[in-house]
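**Q** Below you'll find the structure I mean.
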Amino acid sequence: MKILVINSGSSSIKFQLWNMDNHTVLCTGLIERIGLDDGIFNYRPDEGETTRDVLPIPNHTTGIKLLLDRITDKNSGVIPSIEEISAVGHRIVHGGDKITKSELMTPEIIQIVKEASSLAPLHNPPNLAGIEAIEQLLPGIPNVGVFDTAFHSTMPPEAYIYPLDYKYYTEHGIRRFGFHGTSHNYVALQGAKMLGIAPDKFNCVTCHMGNGVSLTAVKNGKSVDTTLGFGTMCGVMMGTRAGDLDPAIILHLQDVLGMSTKEVNNLIYKESGLKGISGLSNDARDVDEAAQKGNERAILALKLFAHGARKYIAALASDLGGRLDAIIFTAGIGENSINLRKMCCQGLEVLGAYLDTEKNTVRGKQAVISTTDSPVKILVVPTNEELMIAMDTERIVKAL
Ligand code: AMP
């Protein structure tokens, strides 16, 4: 079975075509600058060169038409006909509180996603534009939505309700949703497999550390708590986002320093985190390099990041009913930053997690990086949200 996976953003579409018979990628691509005259179509077949075409791509439908034409092209295509595609899996950011699992995108589910758009105004509308384009170009093909929020729908109320006046939950739906769910789910499943533990018996803390950062407590394979919340501005600090802040600071910035909502928004989302503290870059590689050369603000930025991560790993471990099997690192930083992983693990011996500094030198591949006798295993698991989307899509389509 061949499944097309689409991640449709406001001005870009990432895609991969999966052969589910052997879990291989037939081609990948990235369409950029949608809406502009100099749109970019990047395409790479599994065996072949990457190509980059610059051409007008006025909307998502044009972009998807380009990709369908290309993957079936006589020369650079990877399938002879569009009929080979059995289904399309879409990454969707927000399912609100009604969507608790991956879903076939029926008119009812599409309506729910539209209603959840107020919670993710930058993401849900372009995600839906991708589905509309496929409906237009491949009428009748099953579209499956895989939601960033769905994995966290198993959190208990004590993890998702904020201690505000209760009516803000009941009347206004203000609650923790959590994000990066597809990634947390995937690495938890992979981690269980690596350690030979049944996924529904596996307890771990998954650390998705990329440009965005979220950590999740996974108990018996299900999310029971996570560090991102109603929005994506809490928990551990990120590339440019502050993460946890005392809300009194926001009020102070506005009431005493006279900053507008827009200015505060820009500060906490775009000018904080690794970038704000180091004064150098939001990229952990740059900050790490400067820290190695003795730059004090870069060293401080890494210390803040690791301090926040350690604090949350320990806190989330307490959600697991007394048994922690593994701590899992994933995404850009988690998979690659030897230094930050080491710093994040310092002190976690208190949980029974002992890092092996030799094994920790791994980058970008699956590995156990704890000592042989560490009671709690520490793992690196490269995330693969596209494969998770393809697997969920296959499962749903096979059951139709
Ligand atoms: P992601 O959002 O998962 O693509 O992760 C992006 C982030 O991963 C980048 O901004 C970098 O900070 C980080 N990253 C990628 N490679 C490395 C590396 N070799 N060392 C440290 N950080 C890295």
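Starting from 1 in every chain, residues are counted up; chains themselves are A, B, ... following the order of the structure tokens, and ligands are numbered from 1 as listed.
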Please return as an mmCIF file with N, CA, C and O atoms, in the first residue's frame the residues found within 6 Å of ligand 1, counting only C-alpha atoms and all ligand atoms.

**A**
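The resulting file, selection-v8.cif, is reproduced below:
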```cif
data_model
loop_
_atom_site.group_PDB
_atom_site.id
_atom_site.type_symbol
_atom_site.label_atom_id
_atom_site.label_comp_id
_atom_site.auth_asym_id
_atom_site.auth_seq_id
_atom_site.Cartn_x
_atom_site.Cartn_y
_atom_site.Cartn_z
ATOM 1 N N GLY A 210 13.453 20.120 19.907
ATOM 2 C CA GLY A 210 13.850 20.682 18.617
ATOM 3 C C GLY A 210 13.773 22.184 18.760
ATOM 4 O O GLY A 210 14.082 22.724 19.837
ATOM 5 N N ASN A 211 13.330 22.856 17.703
ATOM 6 C CA ASN A 211 13.097 24.292 17.850
ATOM 7 C C ASN A 211 12.006 24.540 18.875
ATOM 8 O O ASN A 211 12.080 25.437 19.698
ATOM 9 N N GLY A 212 10.956 23.699 18.815
ATOM 10 C CA GLY A 212 9.970 23.660 19.898
ATOM 11 C C GLY A 212 10.359 22.529 20.843
ATOM 12 O O GLY A 212 11.010 21.572 20.417
ATOM 13 N N ASP A 283 19.665 28.644 17.399
ATOM 14 C CA ASP A 283 20.119 27.311 17.009
ATOM 15 C C ASP A 283 21.094 26.763 18.055
ATOM 16 O O ASP A 283 22.140 27.365 18.317
ATOM 17 N N ALA A 284 20.742 25.613 18.612
ATOM 18 C CA ALA A 284 21.557 25.036 19.689
ATOM 19 C C ALA A 284 22.997 24.785 19.246
ATOM 20 O O ALA A 284 23.918 24.826 20.067
ATOM 21 N N ARG A 285 23.189 24.527 17.948
ATOM 22 C CA ARG A 285 24.557 24.286 17.457
ATOM 23 C C ARG A 285 25.421 25.526 17.643
ATOM 24 O O ARG A 285 26.554 25.445 18.117
ATOM 25 N N ALA A 331 14.151 14.572 18.397
ATOM 26 C CA ALA A 331 14.115 15.842 17.639
ATOM 27 C C ALA A 331 15.526 16.452 17.570
ATOM 28 O O ALA A 331 16.469 15.905 18.160
ATOM 29 N N GLY A 332 15.649 17.565 16.827
ATOM 30 C CA GLY A 332 16.967 18.125 16.486
ATOM 31 C C GLY A 332 17.982 18.124 17.612
ATOM 32 O O GLY A 332 19.091 17.589 17.466
ATOM 33 N N ILE A 333 17.641 18.702 18.746
ATOM 34 C CA ILE A 333 18.576 18.773 19.870
ATOM 35 C C ILE A 333 18.706 17.402 20.535
ATOM 36 O O ILE A 333 19.812 16.914 20.780
ATOM 37 N N ASN A 336 20.765 15.027 18.477
ATOM 38 C CA ASN A 336 22.117 15.412 18.031
ATOM 39 C C ASN A 336 23.026 16.091 19.048
ATOM 40 O O ASN A 336 24.238 16.066 18.876
ATOM 41 N N SER A 337 22.468 16.743 20.043
ATOM 42 C CA SER A 337 23.342 17.531 20.909
ATOM 43 C C SER A 337 23.890 16.697 22.070
ATOM 44 O O SER A 337 23.229 16.494 23.084
#
```

**Q** Per residue of stretch 299-391 of chain A within 12 Å of stretch 395-398 of chain A, record the nearest atom pair and its distance in Å to one decimal, counting only C-alpha atoms, with rows in chain order and ascending residue number, as JSON lines.

**A**
```
{"residue": "A:Met388", "atom": "CA", "partner": "A:Arg395", "partner_atom": "CA", "distance": 10.6}
{"residue": "A:Ile389", "atom": "CA", "partner": "A:Arg395", "partner_atom": "CA", "distance": 10.0}
{"residue": "A:Ala390", "atom": "CA", "partner": "A:Arg395", "partner_atom": "CA", "distance": 8.6}
{"residue": "A:Met391", "atom": "CA", "partner": "A:Arg395", "partner_atom": "CA", "distance": 6.2}
```

**Q** What parts of stretch 157-301 of chain A does DSSP call alpha helix (DSSP H)? I'd like the answer as JSON, numbers by chain.

**A** {"A": [157, 158, 159, 160, 167, 168, 169, 170, 181, 182, 183, 184, 185, 186, 187, 188, 189, 190, 191, 192, 193, 194, 195, 247, 248, 249, 250, 251, 252, 253, 254, 255, 261, 262, 263, 264, 265, 266, 267, 268, 269, 270, 273, 274, 275, 276, 277, 278, 284, 285, 286, 287, 288, 289, 290, 291, 292, 296, 297, 298, 299, 300, 301]}

**Q** Which residues, written as a list in words, have at least one atom at most 7 Å from stretch 149-162 of chain A, with only C-alpha atoms counted and residues fewer than 5 positions away on the same chain left out?

**A**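 My reading of the contact set: Val93, His94, Gly95, Ile99, Thr100, Lys101, Arg175, Arg176, Phe177, Gly178, Phe179, Gly181, Thr182, Asn185, Lys222, Ser223, Val224 and Asp225 of chain A.
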
**Q** If we count only C-alpha atoms, what is near A:Asp244 at a cut-off of 10 Å, once residues fewer than 4 positions away on the same chain are taken out, given as a CSV table (one decimal) with C-alpha atoms, in the first residue's frame?

**A**
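File produced: part-v4.csv:
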```
chain,number,residue,atom,x,y,z
A,227,THR,CA,4.8,20.4,29.4
A,228,LEU,CA,3.1,22.3,26.5
A,233,MET,CA,4.5,29.0,25.4
A,234,CYS,CA,5.2,26.9,28.5
A,235,GLY,CA,7.4,24.2,29.9
A,236,VAL,CA,11.1,24.1,29.0
A,237,MET,CA,12.6,27.1,27.2
A,308,GLY,CA,14.4,23.3,32.9
```

**Q** What's the separation between atom CA of A:Gly229 and atom CA of A:Glu263, in Å to one decimal place?

**A**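 Answer for the atom CA of A:Gly229 to atom CA of A:Glu263 separation: 21.8 Å.
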
**Q** Quick one: residues within 7 Å of stretch 29-38 of chain A, only C-alpha atoms counted, chain neighbours fewer than 3 positions away excluded, as a list of chain:residue names?

**A**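 Close residues of stretch 29-38 of chain A: A:Ser11, A:Ser12, A:Ile13, A:Lys14, A:Phe15, A:Gln16, A:Phe41, A:Asn42, A:Tyr43, A:Arg44, A:Val54, A:Leu55, A:Pro56, A:Ile57, A:Pro58, A:Asn59, A:His60, A:Gly63.
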
**Q** If you keep C-alpha atoms, can you produce a file of those selected residues as a JSON list (two decimals), in the first residue's frame?

**A**
```
[["chain", "number", "residue", "atom", "x", "y", "z"],
["A", 11, "SER", "CA", 3.08, 28.99, 2.73],
["A", 12, "SER", "CA", 4.66, 25.54, 2.46],
["A", 13, "ILE", "CA", 3.78, 21.88, 1.97],
["A", 14, "LYS", "CA", 6.09, 19.06, 3.02],
["A", 15, "PHE", "CA", 5.33, 15.67, 1.50],
["A", 16, "GLN", "CA", 6.55, 12.08, 1.48],
["A", 41, "PHE", "CA", 9.31, 23.12, -5.65],
["A", 42, "ASN", "CA", 11.98, 20.89, -4.10],
["A", 43, "TYR", "CA", 11.74, 17.21, -4.96],
["A", 44, "ARG", "CA", 13.87, 14.15, -4.27],
["A", 54, "VAL", "CA", 11.22, 28.12, -9.21],
["A", 55, "LEU", "CA", 7.75, 28.90, -10.58],
["A", 56, "PRO", "CA", 4.54, 30.64, -9.54],
["A", 57, "ILE", "CA", 2.59, 28.55, -7.00],
["A", 58, "PRO", "CA", -0.50, 30.67, -6.31],
["A", 59, "ASN", "CA", -2.24, 28.30, -3.88],
["A", 60, "HIS", "CA", -2.15, 24.90, -2.14],
["A", 63, "GLY", "CA", 1.24, 23.02, -5.24]]
```

**Q** Work out how far atom CA of A:Pro45 is from atom CA of A:Val78, in Å to one decimal.

**A**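 The value is 6.7 Å.
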
**Q** Nearest to A:Ile109 among A:Gly77, A:Pro163, A:Gly96, A:Gly173, with distances taken over only C-alpha atoms: which residue is it?

**A**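 Of the candidates, the smallest distance to A:Ile109 is held by A:Gly96.
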
**Q** Skip A:Glu358 itself and residues of its chain fewer than 2 positions away, then list as number ranges by chain all residues within 10 Å of it, counting only C-alpha atoms.

**A** A: 355-356, 360-362, 369-371

**Q** Just all heavy atoms for this one: save the residues we selected as a compact mmCIF listing (two decimals), in the first residue's frame.

**A**
```txt
# COMPACT_ATOMS: atom_id res chain seq x y z
N LEU A 355 23.81 8.08 32.82
CA LEU A 355 24.27 8.25 31.45
C LEU A 355 25.65 7.64 31.27
O LEU A 355 26.51 7.78 32.14
CB LEU A 355 24.32 9.76 31.11
CG LEU A 355 24.66 10.09 29.67
CD1 LEU A 355 23.44 9.89 28.77
CD2 LEU A 355 25.15 11.54 29.54
N ASP A 356 25.88 6.96 30.15
CA ASP A 356 27.21 6.48 29.78
C ASP A 356 27.78 7.51 28.80
O ASP A 356 27.29 7.63 27.67
CB ASP A 356 27.08 5.09 29.12
CG ASP A 356 28.42 4.48 28.75
OD1 ASP A 356 29.30 5.24 28.26
OD2 ASP A 356 28.58 3.27 28.94
N ASN A 360 26.95 8.14 24.84
CA ASN A 360 26.24 9.39 24.54
C ASN A 360 26.84 10.15 23.35
O ASN A 360 26.28 11.16 22.93
CB ASN A 360 26.21 10.28 25.79
CG ASN A 360 25.39 11.54 25.56
OD1 ASN A 360 24.31 11.49 24.97
ND2 ASN A 360 25.91 12.68 26.00
N THR A 361 27.94 9.66 22.79
CA THR A 361 28.53 10.40 21.67
C THR A 361 27.79 10.16 20.35
O THR A 361 28.18 10.68 19.30
CB THR A 361 30.02 10.02 21.49
OG1 THR A 361 30.09 8.61 21.41
CG2 THR A 361 30.88 10.53 22.62
N VAL A 362 26.71 9.37 20.41
CA VAL A 362 25.94 9.06 19.20
C VAL A 362 25.16 10.28 18.71
O VAL A 362 24.81 11.16 19.49
CB VAL A 362 24.98 7.87 19.52
CG1 VAL A 362 23.90 8.30 20.48
CG2 VAL A 362 24.38 7.29 18.28
N ILE A 369 21.85 4.96 25.62
CA ILE A 369 23.03 5.74 26.02
C ILE A 369 23.24 5.74 27.53
O ILE A 369 24.04 6.51 28.05
CB ILE A 369 22.97 7.19 25.47
CG1 ILE A 369 21.68 7.90 25.91
CG2 ILE A 369 23.10 7.20 23.95
CD1 ILE A 369 21.69 9.40 25.65
N SER A 370 22.50 4.87 28.22
CA SER A 370 22.73 4.73 29.66
C SER A 370 23.74 3.61 29.90
O SER A 370 24.04 2.82 28.99
CB SER A 370 21.41 4.41 30.37
OG SER A 370 20.71 3.41 29.68
N THR A 371 24.26 3.54 31.13
CA THR A 371 25.22 2.49 31.46
C THR A 371 24.49 1.14 31.44
O THR A 371 23.26 1.09 31.58
CB THR A 371 25.83 2.70 32.86
OG1 THR A 371 24.74 2.74 33.80
CG2 THR A 371 26.60 4.02 32.94
```

**Q** If I take atom CA of A:Leu4 and atom CA of A:Gly364, how far is one from the other in Å, to one decimal?

**A**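 Between these atoms lies a distance of 24.5 Å.
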
**Q** I'd like the neighbourhood of A:Gly145 as JSON, numbers by chain, where a residue qualifies if any of its atoms comes within 7 Å (using only C-alpha atoms), though same-chain residues fewer than 4 positions away should be ignored.

**A** {"A": [89, 90, 91, 92, 102, 103, 104, 105]}

**Q** Using N, CA and C atoms, can you write the selected residues to a file as a PDB file, in the first residue's frame?

**A**
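Saved the output as again18.pdb:
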```
ATOM      1  N   GLY A  89      -2.415  10.836   4.222  1.00  0.00           N
ATOM      2  CA  GLY A  89      -2.384  11.147   5.658  1.00  0.00           C
ATOM      3  C   GLY A  89      -1.959  12.588   5.842  1.00  0.00           C
ATOM      4  N   HIS A  90      -2.700  13.330   6.664  1.00  0.00           N
ATOM      5  CA  HIS A  90      -2.405  14.754   6.852  1.00  0.00           C
ATOM      6  C   HIS A  90      -2.020  15.012   8.300  1.00  0.00           C
ATOM      7  N   ARG A  91      -0.973  15.792   8.476  1.00  0.00           N
ATOM      8  CA  ARG A  91      -0.673  16.271   9.822  1.00  0.00           C
ATOM      9  C   ARG A  91      -1.629  17.420  10.124  1.00  0.00           C
ATOM     10  N   ILE A  92      -2.334  17.320  11.249  1.00  0.00           N
ATOM     11  CA  ILE A  92      -3.193  18.415  11.666  1.00  0.00           C
ATOM     12  C   ILE A  92      -2.795  18.798  13.089  1.00  0.00           C
ATOM     13  N   SER A 102      -6.490   9.546  15.628  1.00  0.00           N
ATOM     14  CA  SER A 102      -6.457   9.845  14.200  1.00  0.00           C
ATOM     15  C   SER A 102      -7.815   9.507  13.598  1.00  0.00           C
ATOM     16  N   GLU A 103      -8.222  10.270  12.596  1.00  0.00           N
ATOM     17  CA  GLU A 103      -9.591  10.131  12.081  1.00  0.00           C
ATOM     18  C   GLU A 103      -9.630  10.190  10.567  1.00  0.00           C
ATOM     19  N   LEU A 104     -10.588   9.451   9.985  1.00  0.00           N
ATOM     20  CA  LEU A 104     -10.930   9.625   8.580  1.00  0.00           C
ATOM     21  C   LEU A 104     -11.592  10.998   8.468  1.00  0.00           C
ATOM     22  N   MET A 105     -11.154  11.802   7.493  1.00  0.00           N
ATOM     23  CA  MET A 105     -11.648  13.188   7.440  1.00  0.00           C
ATOM     24  C   MET A 105     -13.014  13.273   6.754  1.00  0.00           C
TER      25      MET A 105
END
```

**Q** Given the choices A:Ile268, A:Leu348, A:Val187, A:Gly294, which gets closest to A:Thr232 if the distance is worked out from only C-alpha atoms?

**A**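 Distance minimum relative to A:Thr232 lands on A:Ile268.
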
**Q** Check the smallest atom-to-atom distance from each of A:Asn124, A:Thr170, A:Ser117, A:Thr28 to A:Glu386 using only C-alpha atoms, then report the winner.

**A**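 For A:Glu386, the nearest of the given residues is A:Thr28.
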
**Q** Mind running stretch 202-262 of chain A against stretch 380-385 of chain A at 10 Å and telling me each contacting residue's nearest atom pair with the distance in Å (one decimal), counting only C-alpha atoms, chain and number ascending, as CSV?

**A**
```
residue,atom,partner,partner_atom,distance
A:Thr206,CA,A:Val381,CA,9.6
A:Cys207,CA,A:Val380,CA,9.6
A:His208,CA,A:Thr383,CA,8.5
```

**Q** Any chance you could export the current selection's all heavy atoms as a PDB file, in the first residue's frame?

**A**
```pdb
ATOM      1  N   THR A 206       9.271  11.143  27.511  1.00  0.00           N
ATOM      2  CA  THR A 206       9.781  11.436  26.173  1.00  0.00           C
ATOM      3  C   THR A 206      10.133  12.927  26.106  1.00  0.00           C
ATOM      4  O   THR A 206       9.341  13.778  26.515  1.00  0.00           O
ATOM      5  CB  THR A 206       8.725  11.077  25.105  1.00  0.00           C
ATOM      6  OG1 THR A 206       7.471  11.640  25.480  1.00  0.00           O
ATOM      7  CG2 THR A 206       8.556   9.583  24.977  1.00  0.00           C
ATOM      8  N   CYS A 207      11.337  13.213  25.597  1.00  0.00           N
ATOM      9  CA  CYS A 207      11.808  14.604  25.540  1.00  0.00           C
ATOM     10  C   CYS A 207      11.944  15.002  24.082  1.00  0.00           C
ATOM     11  O   CYS A 207      12.937  14.645  23.426  1.00  0.00           O
ATOM     12  CB  CYS A 207      13.171  14.730  26.221  1.00  0.00           C
ATOM     13  SG  CYS A 207      13.196  14.076  27.899  1.00  0.00           S
ATOM     14  N   HIS A 208      10.940  15.684  23.549  1.00  0.00           N
ATOM     15  CA  HIS A 208      11.014  16.197  22.166  1.00  0.00           C
ATOM     16  C   HIS A 208      11.696  17.559  22.242  1.00  0.00           C
ATOM     17  O   HIS A 208      11.115  18.526  22.724  1.00  0.00           O
ATOM     18  CB  HIS A 208       9.605  16.304  21.575  1.00  0.00           C
ATOM     19  CG  HIS A 208       9.580  16.860  20.184  1.00  0.00           C
ATOM     20  ND1 HIS A 208       9.376  16.082  19.066  1.00  0.00           N
ATOM     21  CD2 HIS A 208       9.762  18.120  19.729  1.00  0.00           C
ATOM     22  CE1 HIS A 208       9.432  16.834  17.987  1.00  0.00           C
ATOM     23  NE2 HIS A 208       9.668  18.082  18.362  1.00  0.00           N
TER      24      HIS A 208
END
```

**Q** Return as an NGL selection string the full set of residues in stretch 187-331 of chain A whose backbone-based DSSP assignment is strand (DSSP E or B).

**A** :A and (204-209 or 213-219 or 222-226 or 326-330)
